[in-house]
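A quick write-up on the structure given underneath.
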Amino acid sequence: MSGPAEYIFFAAAAMTVGAAILVAILPNILYAAVALLFSFAGVAGLYVLLSADFLAATQILVYVGGIIVLLLFAVFLSNRISDTKITNPTHFRLPAATICLVLFGVLSYAAVSTPYAVKKGVYLPTAADIGELLMTRYLLPFEVASVLLLAALIGAALLSRPDRPAPEKGDMEEGKR
Amino acid sequence: MTLDKLLVIAAALFCCGLYTVMTRRNAVAVLMGVELILNATNINFVAFSFFLNRMMGGQIFAVFVIVLAAAEAAVALAIFLRMFSTTGTVEVDAADELKG
(Lines give C-alpha, C1' and ligand atoms only; values in the text may rest on other atoms or scores of the structure.)
Protein backbone atom coordinates (compact mmCIF):
# COMPACT_ATOMS: atom_id res chain seq x y z
CA MET A 1 0.00 0.00 0.00
CA SER A 2 1.42 3.36 -0.95
CA GLY A 3 0.45 6.78 -2.18
CA PRO A 4 -2.78 8.42 -1.02
CA ALA A 5 -3.89 5.39 1.00
CA GLU A 6 -0.85 5.77 3.21
CA TYR A 7 -1.68 9.42 3.90
CA ILE A 8 -5.26 8.49 4.71
CA PHE A 9 -3.97 5.83 7.08
CA PHE A 10 -1.79 8.31 8.90
CA ALA A 11 -4.62 10.84 9.06
CA ALA A 12 -7.01 8.25 10.53
CA ALA A 13 -4.37 7.05 12.98
CA ALA A 14 -3.56 10.58 14.09
CA MET A 15 -7.24 11.37 14.56
CA THR A 16 -7.80 8.19 16.57
CA VAL A 17 -4.85 8.57 18.90
CA GLY A 18 -5.02 12.35 19.21
CA ALA A 19 -8.69 12.30 20.12
CA ALA A 20 -8.07 9.46 22.57
CA ILE A 21 -5.38 11.52 24.29
CA LEU A 22 -7.84 14.41 24.48
CA VAL A 23 -10.39 12.07 26.09
CA ALA A 24 -7.80 11.19 28.69
CA ILE A 25 -6.71 14.72 29.56
CA LEU A 26 -9.60 17.12 28.86
CA PRO A 27 -11.02 18.32 32.17
CA ASN A 28 -14.54 18.96 30.86
CA ILE A 29 -16.45 15.73 30.43
CA LEU A 30 -18.59 17.12 27.60
CA TYR A 31 -15.52 17.97 25.55
CA ALA A 32 -14.17 14.51 26.35
CA ALA A 33 -17.35 12.94 24.95
CA VAL A 34 -17.00 14.91 21.72
CA ALA A 35 -13.34 13.92 21.45
CA LEU A 36 -14.42 10.30 21.94
CA LEU A 37 -16.70 10.72 18.93
CA PHE A 38 -13.73 11.70 16.76
CA SER A 39 -11.71 8.81 18.10
CA PHE A 40 -14.45 6.34 17.15
CA ALA A 41 -14.71 7.88 13.69
CA GLY A 42 -10.96 7.46 13.25
CA VAL A 43 -11.25 3.81 14.22
CA ALA A 44 -13.95 3.42 11.57
CA GLY A 45 -11.51 4.85 9.03
CA LEU A 46 -8.90 2.29 10.09
CA TYR A 47 -11.49 -0.47 9.60
CA VAL A 48 -12.10 0.71 6.04
CA LEU A 49 -8.37 0.57 5.33
CA LEU A 50 -8.27 -2.95 6.80
CA SER A 51 -10.93 -4.21 4.41
CA ALA A 52 -13.60 -4.40 7.09
CA ASP A 53 -16.39 -2.44 5.47
CA PHE A 54 -19.21 -4.02 7.46
CA LEU A 55 -17.41 -3.33 10.72
CA ALA A 56 -16.77 0.28 9.74
CA ALA A 57 -20.48 0.82 9.11
CA THR A 58 -21.33 -0.92 12.39
CA GLN A 59 -18.81 1.21 14.22
CA ILE A 60 -20.39 4.40 12.91
CA LEU A 61 -23.92 3.19 13.61
CA VAL A 62 -23.40 1.72 17.07
CA TYR A 63 -20.67 3.86 18.56
CA VAL A 64 -21.06 7.25 16.96
CA GLY A 65 -24.83 7.01 16.60
CA GLY A 66 -25.68 5.12 19.75
CA ILE A 67 -23.13 5.00 22.50
CA ILE A 68 -22.01 8.63 22.20
CA VAL A 69 -25.63 9.77 22.38
CA LEU A 70 -26.17 7.57 25.43
CA LEU A 71 -23.05 9.00 27.07
CA LEU A 72 -24.17 12.55 26.39
CA PHE A 73 -27.59 11.77 27.85
CA ALA A 74 -25.91 10.38 30.95
CA VAL A 75 -23.72 13.46 31.28
CA PHE A 76 -26.69 15.78 31.01
CA LEU A 77 -28.92 13.76 33.31
CA SER A 78 -26.36 13.06 35.99
CA ASN A 79 -25.04 16.57 36.53
CA ARG A 80 -26.95 19.49 37.85
CA ILE A 81 -27.09 22.21 35.26
CA SER A 82 -26.70 24.83 37.97
CA ASP A 83 -23.29 23.45 38.88
CA THR A 84 -20.68 25.78 37.54
CA LYS A 85 -18.41 22.99 36.46
CA ILE A 86 -19.55 19.80 34.86
CA THR A 87 -17.67 17.74 37.36
CA ASN A 88 -14.65 15.84 36.37
CA PRO A 89 -12.00 15.94 39.03
CA THR A 90 -9.06 13.65 38.47
CA HIS A 91 -6.72 12.02 40.93
CA PHE A 92 -3.61 9.81 40.94
CA ARG A 93 -2.44 11.57 37.80
CA LEU A 94 1.29 11.02 38.08
CA PRO A 95 1.35 7.30 38.96
CA ALA A 96 -1.32 6.58 36.36
CA ALA A 97 0.64 8.40 33.67
CA THR A 98 3.79 6.52 34.62
CA ILE A 99 2.07 3.14 34.50
CA CYS A 100 0.42 3.92 31.17
CA LEU A 101 3.60 5.18 29.52
CA VAL A 102 5.58 2.17 30.69
CA LEU A 103 2.84 -0.16 29.52
CA PHE A 104 2.72 1.61 26.16
CA GLY A 105 6.47 1.19 25.80
CA VAL A 106 6.31 -2.51 26.60
CA LEU A 107 3.38 -3.15 24.27
CA SER A 108 4.94 -1.18 21.41
CA TYR A 109 8.26 -2.95 21.83
CA ALA A 110 6.52 -6.32 21.81
CA ALA A 111 4.53 -5.37 18.73
CA VAL A 112 7.50 -4.06 16.77
CA SER A 113 10.02 -6.71 17.72
CA THR A 114 7.86 -9.79 17.14
CA PRO A 115 8.37 -11.29 13.67
CA TYR A 116 4.87 -11.97 12.38
CA ALA A 117 4.33 -14.09 9.29
CA VAL A 118 2.53 -11.27 7.51
CA LYS A 119 0.70 -12.09 4.31
CA LYS A 120 -0.36 -9.52 1.80
CA GLY A 121 -3.82 -8.34 2.69
CA VAL A 122 -6.55 -8.54 0.09
CA TYR A 123 -9.51 -6.21 -0.27
CA LEU A 124 -12.81 -8.01 -0.57
CA PRO A 125 -16.31 -7.08 0.54
CA THR A 126 -16.99 -8.74 3.88
CA ALA A 127 -20.67 -8.23 4.67
CA ALA A 128 -21.81 -11.34 2.79
CA ASP A 129 -19.13 -13.52 4.40
CA ILE A 130 -19.91 -12.23 7.88
CA GLY A 131 -23.61 -12.81 7.39
CA GLU A 132 -23.05 -16.34 6.15
CA LEU A 133 -20.68 -17.21 9.00
CA LEU A 134 -23.08 -15.77 11.59
CA MET A 135 -25.79 -18.06 10.27
CA THR A 136 -23.65 -21.18 10.06
CA ARG A 137 -20.47 -21.51 12.07
CA TYR A 138 -21.14 -18.81 14.66
CA LEU A 139 -24.85 -19.44 15.04
CA LEU A 140 -24.73 -20.27 18.76
CA PRO A 141 -22.81 -17.11 19.78
CA PHE A 142 -25.15 -15.11 17.57
CA GLU A 143 -28.22 -16.42 19.38
CA VAL A 144 -26.60 -16.00 22.78
CA ALA A 145 -25.81 -12.39 21.86
CA SER A 146 -29.45 -11.81 20.98
CA VAL A 147 -30.53 -13.15 24.39
CA LEU A 148 -27.89 -10.95 26.03
CA LEU A 149 -29.21 -7.88 24.22
CA LEU A 150 -32.73 -8.68 25.35
CA ALA A 151 -31.54 -9.07 28.94
CA ALA A 152 -29.64 -5.77 28.75
CA LEU A 153 -32.72 -4.06 27.33
CA ILE A 154 -34.96 -5.32 30.12
CA GLY A 155 -32.34 -4.61 32.77
CA ALA A 156 -31.74 -1.05 31.60
CA ALA A 157 -35.46 -0.30 31.44
CA LEU A 158 -36.03 -1.78 34.88
CA LEU A 159 -33.11 0.04 36.48
CA SER A 160 -33.83 3.45 35.06
CA ARG A 161 -37.54 3.42 35.92
CA PRO A 162 -38.30 5.97 38.63
CA ASP A 163 -39.33 4.78 42.03
CA ARG A 164 -43.06 4.57 42.56
CA PRO A 165 -44.87 3.88 45.77
CA ALA A 166 -46.31 0.38 45.70
CA PRO A 167 -49.83 0.53 44.28
CA GLU A 168 -52.74 -0.56 46.42
CA LYS A 169 -54.48 -3.77 45.55
CA GLY A 170 -57.48 -2.18 43.90
CA ASP A 171 -55.41 -0.03 41.58
CA MET A 172 -53.73 -2.88 39.81
CA GLU A 173 -56.10 -2.96 36.85
CA GLU A 174 -55.57 -0.15 34.43
CA GLY A 175 -59.21 -0.10 33.37
CA LYS A 176 -60.47 1.28 36.67
CA ARG A 177 -58.95 4.70 36.19
CA MET B 1 0.25 0.57 6.76
CA THR B 2 1.83 -2.40 8.43
CA LEU B 3 0.80 -4.71 11.20
CA ASP B 4 3.16 -3.29 13.80
CA LYS B 5 2.00 0.28 13.16
CA LEU B 6 -1.57 -0.81 13.78
CA LEU B 7 -0.58 -2.64 16.93
CA VAL B 8 1.19 0.47 18.20
CA ILE B 9 -1.93 2.55 17.48
CA ALA B 10 -4.03 0.04 19.38
CA ALA B 11 -1.56 0.09 22.26
CA ALA B 12 -1.75 3.89 22.39
CA LEU B 13 -5.54 3.75 22.41
CA PHE B 14 -5.48 1.13 25.17
CA CYS B 15 -3.15 3.21 27.31
CA CYS B 16 -5.30 6.33 26.88
CA GLY B 17 -8.31 4.30 27.97
CA LEU B 18 -6.43 2.87 30.92
CA TYR B 19 -5.31 6.33 32.00
CA THR B 20 -8.89 7.57 31.76
CA VAL B 21 -10.18 4.68 33.85
CA MET B 22 -7.49 5.18 36.49
CA THR B 23 -7.69 8.94 36.91
CA ARG B 24 -11.31 9.98 36.40
CA ARG B 25 -13.77 9.99 39.25
CA ASN B 26 -16.91 10.64 37.25
CA ALA B 27 -18.41 7.26 36.41
CA VAL B 28 -19.45 8.34 32.91
CA ALA B 29 -15.87 9.30 32.13
CA VAL B 30 -14.68 5.92 33.43
CA LEU B 31 -17.13 4.31 31.01
CA MET B 32 -15.60 6.35 28.18
CA GLY B 33 -12.22 4.88 29.08
CA VAL B 34 -13.66 1.37 28.94
CA GLU B 35 -15.04 2.08 25.48
CA LEU B 36 -11.59 3.21 24.34
CA ILE B 37 -10.06 -0.03 25.62
CA LEU B 38 -12.68 -2.08 23.77
CA ASN B 39 -11.92 -0.17 20.57
CA ALA B 40 -8.22 -0.91 20.97
CA THR B 41 -8.92 -4.64 21.19
CA ASN B 42 -11.17 -4.41 18.14
CA ILE B 43 -8.40 -2.80 16.11
CA ASN B 44 -6.12 -5.66 17.11
CA PHE B 45 -8.67 -8.30 16.09
CA VAL B 46 -9.28 -6.74 12.70
CA ALA B 47 -5.60 -6.08 12.02
CA PHE B 48 -4.58 -9.65 12.82
CA SER B 49 -7.43 -11.00 10.74
CA PHE B 50 -6.36 -8.82 7.79
CA PHE B 51 -2.64 -9.48 7.93
CA LEU B 52 -2.21 -12.97 9.32
CA ASN B 53 -5.07 -15.10 8.15
CA ARG B 54 -7.75 -14.72 5.61
CA MET B 55 -10.53 -16.12 7.76
CA MET B 56 -13.31 -13.82 8.93
CA GLY B 57 -12.96 -14.93 12.56
CA GLY B 58 -11.35 -11.71 13.74
CA GLN B 59 -14.05 -9.53 12.25
CA ILE B 60 -16.81 -11.75 13.68
CA PHE B 61 -15.20 -11.45 17.09
CA ALA B 62 -15.09 -7.68 16.69
CA VAL B 63 -18.81 -7.68 15.92
CA PHE B 64 -19.48 -9.50 19.18
CA VAL B 65 -17.25 -7.08 21.08
CA ILE B 66 -19.31 -4.19 19.69
CA VAL B 67 -22.52 -5.94 20.78
CA LEU B 68 -21.14 -6.41 24.28
CA ALA B 69 -19.99 -2.80 24.43
CA ALA B 70 -23.45 -1.57 23.49
CA ALA B 71 -25.18 -3.76 26.07
CA GLU B 72 -22.67 -2.77 28.74
CA ALA B 73 -23.07 0.94 28.00
CA ALA B 74 -26.86 0.75 28.22
CA VAL B 75 -26.91 -1.08 31.54
CA ALA B 76 -24.07 0.98 33.02
CA LEU B 77 -25.76 4.25 32.17
CA ALA B 78 -29.02 3.03 33.71
CA ILE B 79 -27.08 2.18 36.86
CA PHE B 80 -25.45 5.63 36.86
CA LEU B 81 -28.82 7.35 36.61
CA ARG B 82 -30.16 5.26 39.48
CA MET B 83 -27.02 6.04 41.48
CA PHE B 84 -27.46 9.75 40.78
CA SER B 85 -31.05 9.73 41.99
CA THR B 86 -30.03 7.86 45.15
CA THR B 87 -26.79 9.56 46.14
CA GLY B 88 -26.88 12.79 44.15
CA THR B 89 -23.53 12.16 42.52
CA VAL B 90 -21.96 9.81 39.99
CA GLU B 91 -18.46 9.89 41.40
CA VAL B 92 -17.16 6.39 41.71
CA ASP B 93 -15.59 6.77 45.14
CA ALA B 94 -18.72 8.37 46.58
CA ALA B 95 -20.72 5.17 46.14
CA ASP B 96 -19.30 3.18 49.01
CA GLU B 97 -22.46 2.23 50.84
CA LEU B 98 -23.79 -1.23 50.26
CA LYS B 99 -27.19 -0.76 51.83
CA GLY B 100 -28.37 2.60 52.90
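In the C-alpha coordinates, the first chain shown is A, the next is B, and so on; residue numbers restart at 1 for each chain, and ligands run from 1 in the order shown.
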7 Å contacts from chain B to chain A using only C-alpha atoms, as number ranges by chain
B: 1, 4, 7-9, 11-13, 15-20, 22-26, 28-29, 47, 50-52, 56, 60, 63, 70-71, 73-75, 77-79, 81-82, 84, 90
In terms of the shortest atom-to-atom distance over only C-alpha atoms, which of B:Phe14, B:Asp93, B:Ala69, B:Thr87 is closest to Asn44 of chain B?
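Under the stated criterion, the closest residue is B:Phe14.
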Run DSSP on the backbone and grab whatever in chain A lands in helix (DSSP H, G or I); send it over as a PyMOL selection string.
chain A and resi 4-25+29-49+53-77+93-113+127-135+139-160+169-172+174-176
I'd like the interatomic distance between atom CA of Val21 of chain B and atom CA of Ile43 of chain B, to a tenth of an Å.
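Pair atom CA of Val21 of chain B / atom CA of Ile43 of chain B returns 19.3 Å.
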Do you have the atom CA of Ala76 of chain B-atom CA of Ala27 of chain B distance handy?
9.1 Å
How many Å lie between atom CA of Ala128 of chain A and atom CA of Ala41 of chain A, rounded to one decimal?
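Atom-to-atom, atom CA of Ala128 of chain A to atom CA of Ala41 of chain A, that is 23.2 Å.
Distances to Val67 of chain B were evaluated for B:Glu35, B:Leu3, B:Glu97, B:Thr89 using only C-alpha atoms, and the minimum falls at B:Glu35.
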